[in-house]
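*Asks:* I'm passing along run.cif; it holds mmCIF, C-alpha atoms.
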data_query
#
loop_
_atom_site.group_PDB
_atom_site.id
_atom_site.type_symbol
_atom_site.label_atom_id
_atom_site.label_comp_id
_atom_site.auth_asym_id
_atom_site.auth_seq_id
_atom_site.Cartn_x
_atom_site.Cartn_y
_atom_site.Cartn_z
ATOM 1 C CA MET G 1 0.000 0.000 0.000
ATOM 2 C CA SER G 2 1.384 3.394 -1.026
ATOM 3 C CA PHE G 3 1.515 6.381 1.257
ATOM 4 C CA LEU G 4 -1.303 8.082 -0.645
ATOM 5 C CA ASP G 5 -3.525 5.013 -0.301
ATOM 6 C CA TYR G 6 -2.790 4.836 3.418
ATOM 7 C CA PHE G 7 -3.499 8.570 3.730
ATOM 8 C CA ASN G 8 -6.822 8.246 1.905
ATOM 9 C CA ASN G 9 -7.877 5.333 4.091
ATOM 10 C CA ALA G 10 -6.787 7.013 7.327
ATOM 11 C CA PHE G 11 -8.600 10.294 6.793
ATOM 12 C CA SER G 12 -12.074 10.958 5.490
ATOM 13 C CA TYR G 13 -13.060 13.978 3.424
ATOM 14 C CA ASP G 14 -14.618 15.603 6.516
ATOM 15 C CA ASP G 15 -11.380 15.077 8.438
ATOM 16 C CA LEU G 16 -9.427 16.807 5.687
ATOM 17 C CA ILE G 17 -11.815 19.785 5.756
ATOM 18 C CA ILE G 18 -11.404 20.110 9.525
ATOM 19 C CA TRP G 19 -7.613 19.884 9.268
ATOM 20 C CA ALA G 20 -7.629 22.449 6.453
ATOM 21 C CA VAL G 21 -9.673 24.864 8.581
ATOM 22 C CA PHE G 22 -7.273 24.446 11.508
ATOM 23 C CA ALA G 23 -4.296 24.903 9.184
ATOM 24 C CA ILE G 24 -5.703 28.137 7.751
ATOM 25 C CA TYR G 25 -6.561 29.357 11.255
ATOM 26 C CA GLY G 26 -3.056 28.525 12.466
ATOM 27 C CA LEU G 27 -1.411 30.220 9.482
ATOM 28 C CA PHE G 28 -3.532 33.318 10.056
ATOM 29 C CA TRP G 29 -2.390 33.655 13.656
ATOM 30 C CA LEU G 30 1.207 32.830 12.705
ATOM 31 C CA PHE G 31 1.133 35.593 10.113
ATOM 32 C CA PHE G 32 -0.537 37.996 12.570
ATOM 33 C CA ILE G 33 1.977 37.327 15.361
ATOM 34 C CA THR G 34 4.931 37.545 12.958
ATOM 35 C CA ALA G 35 3.669 40.848 11.544
ATOM 36 C CA PHE G 36 3.115 42.176 15.079
ATOM 37 C CA ILE G 37 6.659 41.266 16.150
ATOM 38 C CA ILE G 38 8.194 42.796 13.020
ATOM 39 C CA HIS G 39 6.185 46.000 13.428
ATOM 40 C CA HIS G 40 7.033 46.148 17.141
ATOM 41 C CA PHE G 41 10.794 45.997 16.575
ATOM 42 C CA PHE G 42 10.490 48.222 13.501
ATOM 43 C CA MET G 43 9.165 50.880 15.891
ATOM 44 C CA ALA G 44 11.231 49.947 18.944
ATOM 45 C CA VAL G 45 14.660 50.477 17.376
ATOM 46 C CA PRO G 46 14.220 54.134 16.324
ATOM 47 C CA LEU G 47 12.311 54.867 19.551
ATOM 48 C CA TYR G 48 15.232 53.475 21.566
ATOM 49 C CA ILE G 49 17.644 55.685 19.611
ATOM 50 C CA MET G 50 15.410 58.716 20.191
ATOM 51 C CA ALA G 51 15.224 58.095 23.944
ATOM 52 C CA ASP G 52 18.945 57.390 24.199
ATOM 53 C CA LYS G 53 19.917 60.554 22.314
ATOM 54 C CA ALA G 54 17.483 62.555 24.428
ATOM 55 C CA GLY G 55 19.298 61.332 27.538
ATOM 56 C CA TYR G 56 16.367 59.432 29.053
ATOM 57 C CA ALA G 57 17.577 56.948 31.661
ATOM 58 C CA TYR G 58 15.502 53.974 30.503
ATOM 59 C CA PRO G 59 15.531 53.830 26.689
ATOM 60 C CA PHE G 60 15.035 50.031 26.806
ATOM 61 C CA LEU G 61 11.340 50.705 27.515
ATOM 62 C CA ALA G 62 11.059 51.066 23.743
ATOM 63 C CA PHE G 63 11.163 47.264 23.432
ATOM 64 C CA ILE G 64 8.497 46.556 26.081
ATOM 65 C CA PRO G 65 4.844 46.498 24.913
ATOM 66 C CA PHE G 66 2.746 49.306 26.454
ATOM 67 C CA ALA G 67 5.853 50.699 28.143
ATOM 68 C CA ASN G 68 6.810 51.980 24.697
ATOM 69 C CA TYR G 69 3.608 54.057 24.720
ATOM 70 C CA TYR G 70 4.713 55.524 28.037
ATOM 71 C CA LEU G 71 8.065 56.402 26.489
ATOM 72 C CA MET G 72 6.404 58.086 23.511
ATOM 73 C CA HIS G 73 4.314 60.206 25.866
ATOM 74 C CA ILE G 74 7.041 61.387 28.224
ATOM 75 C CA LEU G 75 9.872 62.126 25.769
ATOM 76 C CA PRO G 76 8.268 65.405 24.625
ATOM 77 C CA ILE G 77 8.554 67.813 27.555
ATOM 78 C CA LYS G 78 5.885 70.261 26.451
ATOM 79 C CA GLU G 79 2.354 70.363 27.866
ATOM 80 C CA TYR G 80 0.175 67.389 26.997
ATOM 81 C CA ASN G 81 -2.947 68.600 25.207
ATOM 82 C CA TYR G 82 -5.799 66.292 24.233
ATOM 83 C CA ILE G 83 -7.507 68.616 21.699
ATOM 84 C CA GLY G 84 -8.149 71.143 24.476
ATOM 85 C CA LEU G 85 -10.287 68.776 26.564
ATOM 86 C CA PHE G 86 -7.471 67.648 28.837
ATOM 87 C CA LYS G 87 -4.187 69.422 29.480
ATOM 88 C CA SER G 88 -1.322 68.561 31.804
ATOM 89 C CA TYR G 89 2.376 69.346 32.138
ATOM 90 C CA GLU G 90 2.722 65.926 33.763
ATOM 91 C CA ARG G 91 3.175 63.914 30.589
ATOM 92 C CA LYS G 92 2.550 60.652 32.436
ATOM 93 C CA ASN G 93 -1.031 61.822 32.981
ATOM 94 C CA GLY G 94 -1.393 61.930 29.219
ATOM 95 C CA PHE G 95 -0.194 58.347 29.079
ATOM 96 C CA LEU G 96 -2.724 57.289 31.710
ATOM 97 C CA ALA G 97 -5.510 59.072 29.822
ATOM 98 C CA TYR G 98 -4.460 57.329 26.617
ATOM 99 C CA MET G 99 -4.406 53.884 28.231
ATOM 100 C CA ILE G 100 -7.856 54.427 29.743
ATOM 101 C CA ILE G 101 -9.387 55.665 26.500
ATOM 102 C CA LYS G 102 -7.621 53.289 24.131
ATOM 103 C CA TRP G 103 -7.504 50.043 26.109
ATOM 104 C CA ILE G 104 -9.435 50.058 29.398
ATOM 105 C CA ALA G 105 -12.643 51.772 28.199
ATOM 106 C CA PRO G 106 -13.285 49.324 25.305
ATOM 107 C CA TRP G 107 -12.870 46.320 27.608
ATOM 108 C CA GLY G 108 -15.106 47.882 30.255
ATOM 109 C CA LEU G 109 -17.718 48.649 27.613
ATOM 110 C CA TRP G 110 -17.556 45.065 26.351
ATOM 111 C CA ILE G 111 -17.981 43.625 29.871
ATOM 112 C CA VAL G 112 -20.983 45.840 30.613
ATOM 113 C CA GLY G 113 -22.468 44.990 27.232
ATOM 114 C CA SER G 114 -22.024 41.258 27.841
ATOM 115 C CA VAL G 115 -23.880 41.478 31.153
ATOM 116 C CA LEU G 116 -26.731 43.627 29.848
ATOM 117 C CA SER G 117 -27.111 41.472 26.741
ATOM 118 C CA MET G 118 -28.405 38.669 28.977
ATOM 119 C CA ILE G 119 -31.255 40.837 30.307
ATOM 120 C CA PRO G 120 -34.428 40.822 28.158
ATOM 121 C CA LEU G 121 -35.436 44.164 26.645
ATOM 122 C CA LEU G 122 -32.296 45.861 27.960
ATOM 123 C CA ASN G 123 -30.211 43.931 25.442
ATOM 124 C CA ILE G 124 -32.116 45.532 22.551
ATOM 125 C CA LEU G 125 -31.877 49.037 24.003
ATOM 126 C CA PHE G 126 -28.238 48.721 24.982
ATOM 127 C CA GLY G 127 -27.390 47.147 21.623
ATOM 128 C CA ILE G 128 -28.144 50.468 19.931
ATOM 129 C CA ILE G 129 -26.410 52.510 22.635
ATOM 130 C CA PHE G 130 -23.428 50.141 22.605
ATOM 131 C CA GLN G 131 -22.766 50.774 18.913
ATOM 132 C CA LEU G 132 -22.797 54.519 19.512
ATOM 133 C CA LEU G 133 -20.566 54.309 22.598
ATOM 134 C CA ASN G 134 -18.198 51.955 20.815
ATOM 135 C CA LEU G 135 -17.831 54.469 17.985
ATOM 136 C CA VAL G 136 -17.178 57.290 20.465
ATOM 137 C CA VAL G 137 -14.535 55.272 22.349
ATOM 138 C CA LEU G 138 -12.879 54.173 19.107
ATOM 139 C CA THR G 139 -12.712 57.762 17.865
ATOM 140 C CA ALA G 140 -11.409 59.043 21.211
ATOM 141 C CA GLY G 141 -8.713 56.358 21.260
ATOM 142 C CA SER G 142 -7.629 57.221 17.726
ATOM 143 C CA ILE G 143 -7.365 60.897 18.657
ATOM 144 C CA GLY G 144 -5.254 59.978 21.687
ATOM 145 C CA LYS G 145 -2.951 57.891 19.507
ATOM 146 C CA ALA G 146 -2.625 60.726 16.994
ATOM 147 C CA VAL G 147 -1.728 63.181 19.783
ATOM 148 C CA MET G 148 0.927 60.765 21.059
ATOM 149 C CA MET G 149 2.523 60.369 17.621
ATOM 150 C CA ILE G 150 2.297 64.066 16.719
ATOM 151 C CA ASP G 151 3.984 65.150 19.973
ATOM 152 C CA LEU G 152 6.841 62.689 19.449
ATOM 153 C CA LEU G 153 7.394 63.681 15.817
ATOM 154 C CA ASP G 154 7.158 67.357 16.727
ATOM 155 C CA LEU G 155 10.022 66.874 19.189
ATOM 156 C CA TYR G 156 12.426 66.107 16.342
ATOM 157 C CA MET G 157 11.072 68.402 13.643
ATOM 158 C CA LYS G 158 12.104 71.950 12.830
ATOM 159 C CA LYS G 159 9.834 74.909 13.529
ATOM 160 C CA ASP G 160 8.730 75.149 9.910
ATOM 161 C CA GLU G 161 7.813 71.428 9.902
ATOM 162 C CA LYS G 162 5.254 71.498 12.728
ATOM 163 C CA GLY G 163 2.366 71.162 10.281
ATOM 164 C CA LEU G 164 4.075 68.145 8.753
ATOM 165 C CA ALA G 165 4.147 66.446 12.176
ATOM 166 C CA ILE G 166 0.365 66.836 12.447
ATOM 167 C CA PHE G 167 -0.141 65.553 8.917
ATOM 168 C CA LEU G 168 2.064 62.482 9.433
ATOM 169 C CA GLY G 169 0.480 61.729 12.816
ATOM 170 C CA ILE G 170 -3.014 61.681 11.296
ATOM 171 C CA ILE G 171 -1.939 59.703 8.217
ATOM 172 C CA SER G 172 -0.303 57.112 10.518
ATOM 173 C CA LEU G 173 -3.734 56.266 11.932
ATOM 174 C CA PHE G 174 -4.751 54.940 8.524
ATOM 175 C CA VAL G 175 -1.338 53.774 7.274
ATOM 176 C CA PRO G 176 0.464 52.514 10.418
ATOM 177 C CA VAL G 177 3.799 51.920 8.678
ATOM 178 C CA VAL G 178 4.180 55.692 8.105
ATOM 179 C CA PHE G 179 4.918 56.373 11.785
ATOM 180 C CA PRO G 180 7.842 53.953 12.286
ATOM 181 C CA ILE G 181 9.358 54.941 8.929
ATOM 182 C CA THR G 182 9.170 58.613 9.923
ATOM 183 C CA CYS G 183 10.754 57.794 13.298
ATOM 184 C CA ILE G 184 13.591 55.968 11.531
ATOM 185 C CA VAL G 185 14.287 59.154 9.557
ATOM 186 C CA LEU G 186 13.932 61.488 12.551
ATOM 187 C CA CYS G 187 15.933 59.433 15.068
ATOM 188 C CA ARG G 188 19.115 60.784 13.460
ATOM 189 C CA ARG G 189 18.148 64.325 14.431
ATOM 190 C CA GLU G 190 18.700 66.239 17.641
ATOM 191 C CA PRO G 191 15.663 66.669 19.932
ATOM 192 C CA GLU G 192 14.514 70.256 20.349
ATOM 193 C CA PHE G 193 15.954 70.429 23.888
ATOM 194 C CA GLY G 194 19.374 69.189 22.785
ATOM 195 C CA TYR G 195 21.269 65.896 22.950
ATOM 196 C CA GLY G 196 21.177 64.297 26.393
ATOM 197 C CA ASN G 197 19.265 67.180 27.959
ATOM 198 C CA TYR G 198 16.017 65.390 28.803
ATOM 199 C CA TYR G 199 16.379 66.040 32.532
ATOM 200 C CA TYR G 200 17.916 69.500 31.968
ATOM 201 C CA PRO G 201 16.095 70.733 28.857
ATOM 202 C CA VAL G 202 18.022 73.353 26.950
ATOM 203 C CA ASN G 203 17.500 74.615 23.423
ATOM 204 C CA LEU G 204 21.066 74.542 22.108
ATOM 205 C CA GLN G 205 20.247 76.749 19.145
ATOM 206 C CA THR G 206 19.009 79.504 21.484
ATOM 207 C CA ILE G 207 22.249 79.376 23.504
ATOM 208 C CA GLU G 208 24.338 79.735 20.373
#
Turn the structure described in the file into structure tokens.
*Replies:*
Amino acid sequence: MSFLDYFNNAFSYDDLIIWAVFAIYGLFWLFFITAFIIHHFFMAVPLYIMADKAGYAYPFLAFIPFANYYLMHILPIKEYNYIGLFKSYERKNGFLAYMIIKWIAPWGLWIVGSVLSMIPLLNILFGIIFQLLNLVVLTAGSIGKAVMMIDLLDLYMKKDEKGLAIFLGIISLFVPVVFPITCIVLCRREPEFGYGNYYYPVNLQTIE
């Protein structure tokens, strides 16, 4: 008996369909995880260089998921401004606001929705409200991400390029690869407060 005959006898057509579905599912997640890892390091390397040149004590945070968002928020030393609705000179507060809006709020909304969906009548009413709230949270999270990227890009751009930082930050929401590529280009530049002056910010051009 050949291998093909043995294979045909060992597995039915239904078995092959099930195995094919699992194989496609596995390949999808393999591709997703691989793409995530590549994108993560694609962003982490220039972010590490930016933090190191700025003089921040813990540039390795660039390689740690979620901690890299913290690093992106605190490297710019100007006031954090969420489209005028929330302002703070404590940049870490901007990071906390971003994490709440982008990550915690959607999960909390999903949990509440799951509970209410089991209650008759309320599930219909909340189903409509949930879609609206989900859209609001998604939009708010995207704005927070744009603010984070714009502030970081603005730190390494010249005064006449400030509009470009806003443009690239918004475009990066729709074409994610734009942000890491821009950071790769900008990481060779000096931050606006000077090399190594994160804890003692000085504009070197002003001194000269």
*Asks:* On this structure, the PyMOL selection byres ((chain G and resi 182) around 10) would catch which residues? List them as a list in words, sorted by chain and number.
*Replies:*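 Residues picked by the PyMOL selection byres ((chain G and resi 182) around 10): Met43, Pro46, Leu153, Ala165, Leu168, Gly169, Ser172, Val177, Val178, Phe179, Pro180, Ile181, Cys183, Ile184, Val185, Leu186 and Cys187 of chain G.
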*Asks:* Give me a file of those residues, with C-alpha atoms, as a PDB file, in the frame of the given file.
*Replies:*
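Result written to result.pdb:
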ATOM      1  CA  MET G  43       9.165  50.880  15.891  1.00  0.00           C
ATOM      2  CA  PRO G  46      14.220  54.134  16.324  1.00  0.00           C
ATOM      3  CA  LEU G 153       7.394  63.681  15.817  1.00  0.00           C
ATOM      4  CA  ALA G 165       4.147  66.446  12.176  1.00  0.00           C
ATOM      5  CA  LEU G 168       2.064  62.482   9.433  1.00  0.00           C
ATOM      6  CA  GLY G 169       0.480  61.729  12.816  1.00  0.00           C
ATOM      7  CA  SER G 172      -0.303  57.112  10.518  1.00  0.00           C
ATOM      8  CA  VAL G 177       3.799  51.920   8.678  1.00  0.00           C
ATOM      9  CA  VAL G 178       4.180  55.692   8.105  1.00  0.00           C
ATOM     10  CA  PHE G 179       4.918  56.373  11.785  1.00  0.00           C
ATOM     11  CA  PRO G 180       7.842  53.953  12.286  1.00  0.00           C
ATOM     12  CA  ILE G 181       9.358  54.941   8.929  1.00  0.00           C
ATOM     13  CA  CYS G 183      10.754  57.794  13.298  1.00  0.00           C
ATOM     14  CA  ILE G 184      13.591  55.968  11.531  1.00  0.00           C
ATOM     15  CA  VAL G 185      14.287  59.154   9.557  1.00  0.00           C
ATOM     16  CA  LEU G 186      13.932  61.488  12.551  1.00  0.00           C
ATOM     17  CA  CYS G 187      15.933  59.433  15.068  1.00  0.00           C
TER      18      CYS G 187
END
*Asks:* If we count only C-alpha atoms, what is near Lys102 in chain G at a cut-off of 10 Å, once residues fewer than 2 positions away on the same chain are taken out, given as a ChimeraX atom specification?
*Replies:* /G:96-100,104-107,137-145
*Asks:* Could those residues be written to a file, using C-alpha atoms, as a compact mmCIF listing (two decimals), in the frame of the given file?
*Replies:*
# COMPACT_ATOMS: atom_id res chain seq x y z
CA LEU G 96 -2.72 57.29 31.71
CA ALA G 97 -5.51 59.07 29.82
CA TYR G 98 -4.46 57.33 26.62
CA MET G 99 -4.41 53.88 28.23
CA ILE G 100 -7.86 54.43 29.74
CA ILE G 104 -9.44 50.06 29.40
CA ALA G 105 -12.64 51.77 28.20
CA PRO G 106 -13.28 49.32 25.30
CA TRP G 107 -12.87 46.32 27.61
CA VAL G 137 -14.54 55.27 22.35
CA LEU G 138 -12.88 54.17 19.11
CA THR G 139 -12.71 57.76 17.86
CA ALA G 140 -11.41 59.04 21.21
CA GLY G 141 -8.71 56.36 21.26
CA SER G 142 -7.63 57.22 17.73
CA ILE G 143 -7.36 60.90 18.66
CA GLY G 144 -5.25 59.98 21.69
CA LYS G 145 -2.95 57.89 19.51
*Asks:* Determine the residue set returned by the PyMOL selection byres ((chain G and resi 109) around 12) for the present structure, and present it as an mmCIF file with C-alpha atoms, in the frame of the given file.
*Replies:*
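Contents of selection-v4.cif, as written:
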data_model
loop_
_atom_site.group_PDB
_atom_site.id
_atom_site.type_symbol
_atom_site.label_atom_id
_atom_site.label_comp_id
_atom_site.auth_asym_id
_atom_site.auth_seq_id
_atom_site.Cartn_x
_atom_site.Cartn_y
_atom_site.Cartn_z
ATOM 1 C CA ILE G 100 -7.856 54.427 29.743
ATOM 2 C CA ILE G 101 -9.387 55.665 26.500
ATOM 3 C CA LYS G 102 -7.621 53.289 24.131
ATOM 4 C CA TRP G 103 -7.504 50.043 26.109
ATOM 5 C CA ILE G 104 -9.435 50.058 29.398
ATOM 6 C CA ALA G 105 -12.643 51.772 28.199
ATOM 7 C CA PRO G 106 -13.285 49.324 25.305
ATOM 8 C CA TRP G 107 -12.870 46.320 27.608
ATOM 9 C CA GLY G 108 -15.106 47.882 30.255
ATOM 10 C CA TRP G 110 -17.556 45.065 26.351
ATOM 11 C CA ILE G 111 -17.981 43.625 29.871
ATOM 12 C CA VAL G 112 -20.983 45.840 30.613
ATOM 13 C CA GLY G 113 -22.468 44.990 27.232
ATOM 14 C CA SER G 114 -22.024 41.258 27.841
ATOM 15 C CA VAL G 115 -23.880 41.478 31.153
ATOM 16 C CA LEU G 116 -26.731 43.627 29.848
ATOM 17 C CA SER G 117 -27.111 41.472 26.741
ATOM 18 C CA PHE G 126 -28.238 48.721 24.982
ATOM 19 C CA GLY G 127 -27.390 47.147 21.623
ATOM 20 C CA ILE G 129 -26.410 52.510 22.635
ATOM 21 C CA PHE G 130 -23.428 50.141 22.605
ATOM 22 C CA GLN G 131 -22.766 50.774 18.913
ATOM 23 C CA LEU G 132 -22.797 54.519 19.512
ATOM 24 C CA LEU G 133 -20.566 54.309 22.598
ATOM 25 C CA ASN G 134 -18.198 51.955 20.815
ATOM 26 C CA LEU G 135 -17.831 54.469 17.985
ATOM 27 C CA VAL G 136 -17.178 57.290 20.465
ATOM 28 C CA VAL G 137 -14.535 55.272 22.349
ATOM 29 C CA LEU G 138 -12.879 54.173 19.107
#
*Asks:* Using all atoms listed in the file, list the residues that have an atom at most 9 Å from (8.1, 60.4, 29.2), coordinates as in the file, as a compact mmCIF listing (two decimals) with C-alpha atoms, in the coordinates of the input.
*Replies:*
# COMPACT_ATOMS: atom_id res chain seq x y z
CA TYR G 56 16.37 59.43 29.05
CA TYR G 69 3.61 54.06 24.72
CA TYR G 70 4.71 55.52 28.04
CA LEU G 71 8.06 56.40 26.49
CA MET G 72 6.40 58.09 23.51
CA HIS G 73 4.31 60.21 25.87
CA ILE G 74 7.04 61.39 28.22
CA LEU G 75 9.87 62.13 25.77
CA PRO G 76 8.27 65.40 24.62
CA ILE G 77 8.55 67.81 27.56
CA GLU G 90 2.72 65.93 33.76
CA ARG G 91 3.18 63.91 30.59
CA LYS G 92 2.55 60.65 32.44
CA PHE G 95 -0.19 58.35 29.08
*Asks:* Need to verify the contact set: Lys159 in chain G, 12 Å, only C-alpha atoms, exclusion of same-chain residues closer than 4 positions in sequence. Can you return it as a ChimeraX atom specification?
*Replies:* /G:153-155,163-165,191-192,205
*Asks:* Name the residues in contact with Ala44 in chain G at a cut-off of 9 Å, using only C-alpha atoms, excluding same-chain residues fewer than 2 positions from it; report them as a list in words.
*Replies:*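 In the requested format, the answer is His39, His40, Phe41, Phe42, Pro46, Leu47, Tyr48, Ile49, Phe60, Leu61, Ala62, Phe63, Ile64, Asn68 and Pro180 of chain G.
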*Asks:* Please produce an output containing C-alpha atoms for each residue in the selection, written as a CSV table (one decimal), keeping the file's coordinate frame.
*Replies:*
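The result, stored in part.csv:
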chain,number,residue,atom,x,y,z
G,39,HIS,CA,6.2,46.0,13.4
G,40,HIS,CA,7.0,46.1,17.1
G,41,PHE,CA,10.8,46.0,16.6
G,42,PHE,CA,10.5,48.2,13.5
G,46,PRO,CA,14.2,54.1,16.3
G,47,LEU,CA,12.3,54.9,19.6
G,48,TYR,CA,15.2,53.5,21.6
G,49,ILE,CA,17.6,55.7,19.6
G,60,PHE,CA,15.0,50.0,26.8
G,61,LEU,CA,11.3,50.7,27.5
G,62,ALA,CA,11.1,51.1,23.7
G,63,PHE,CA,11.2,47.3,23.4
G,64,ILE,CA,8.5,46.6,26.1
G,68,ASN,CA,6.8,52.0,24.7
G,180,PRO,CA,7.8,54.0,12.3
*Asks:* Separation of CA of Val45 in chain G and CA of Leu30 in chain G, in Å?
*Replies:* 22.7 Å
*Asks:* At what distance in Å, to one decimal, does CA of Ile37 in chain G lie from CA of Pro65 in chain G?
*Replies:*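 According to the coordinates, CA of Pro65 in chain G and CA of Ile37 in chain G are separated by 10.4 Å.
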*Asks:* Using Å and a single decimal, report how far CA of Val175 in chain G sits from CA of Phe86 in chain G.
*Replies:* 26.4 Å
*Asks:* Using 4 Å of padding on each side, determine the axis-aligned box around all atoms of range 75-90 of chain G present in the file and give its centre and edge lengths in Å to one decimal, as AutoDock Vina command-line options.
*Replies:*
--center_x -0.2 --center_y 66.6 --center_z 27.7 --size_x 28.2 --size_y 17.0 --size_z 20.1
*Asks:* Hey, what's within 7 Å of range 194-203 of chain G if we count all atoms listed in the file and toss same-chain stuff fewer than 6 positions away? As JSON, numbers by chain, please?
*Replies:* {"G": [53, 54, 55, 56]}
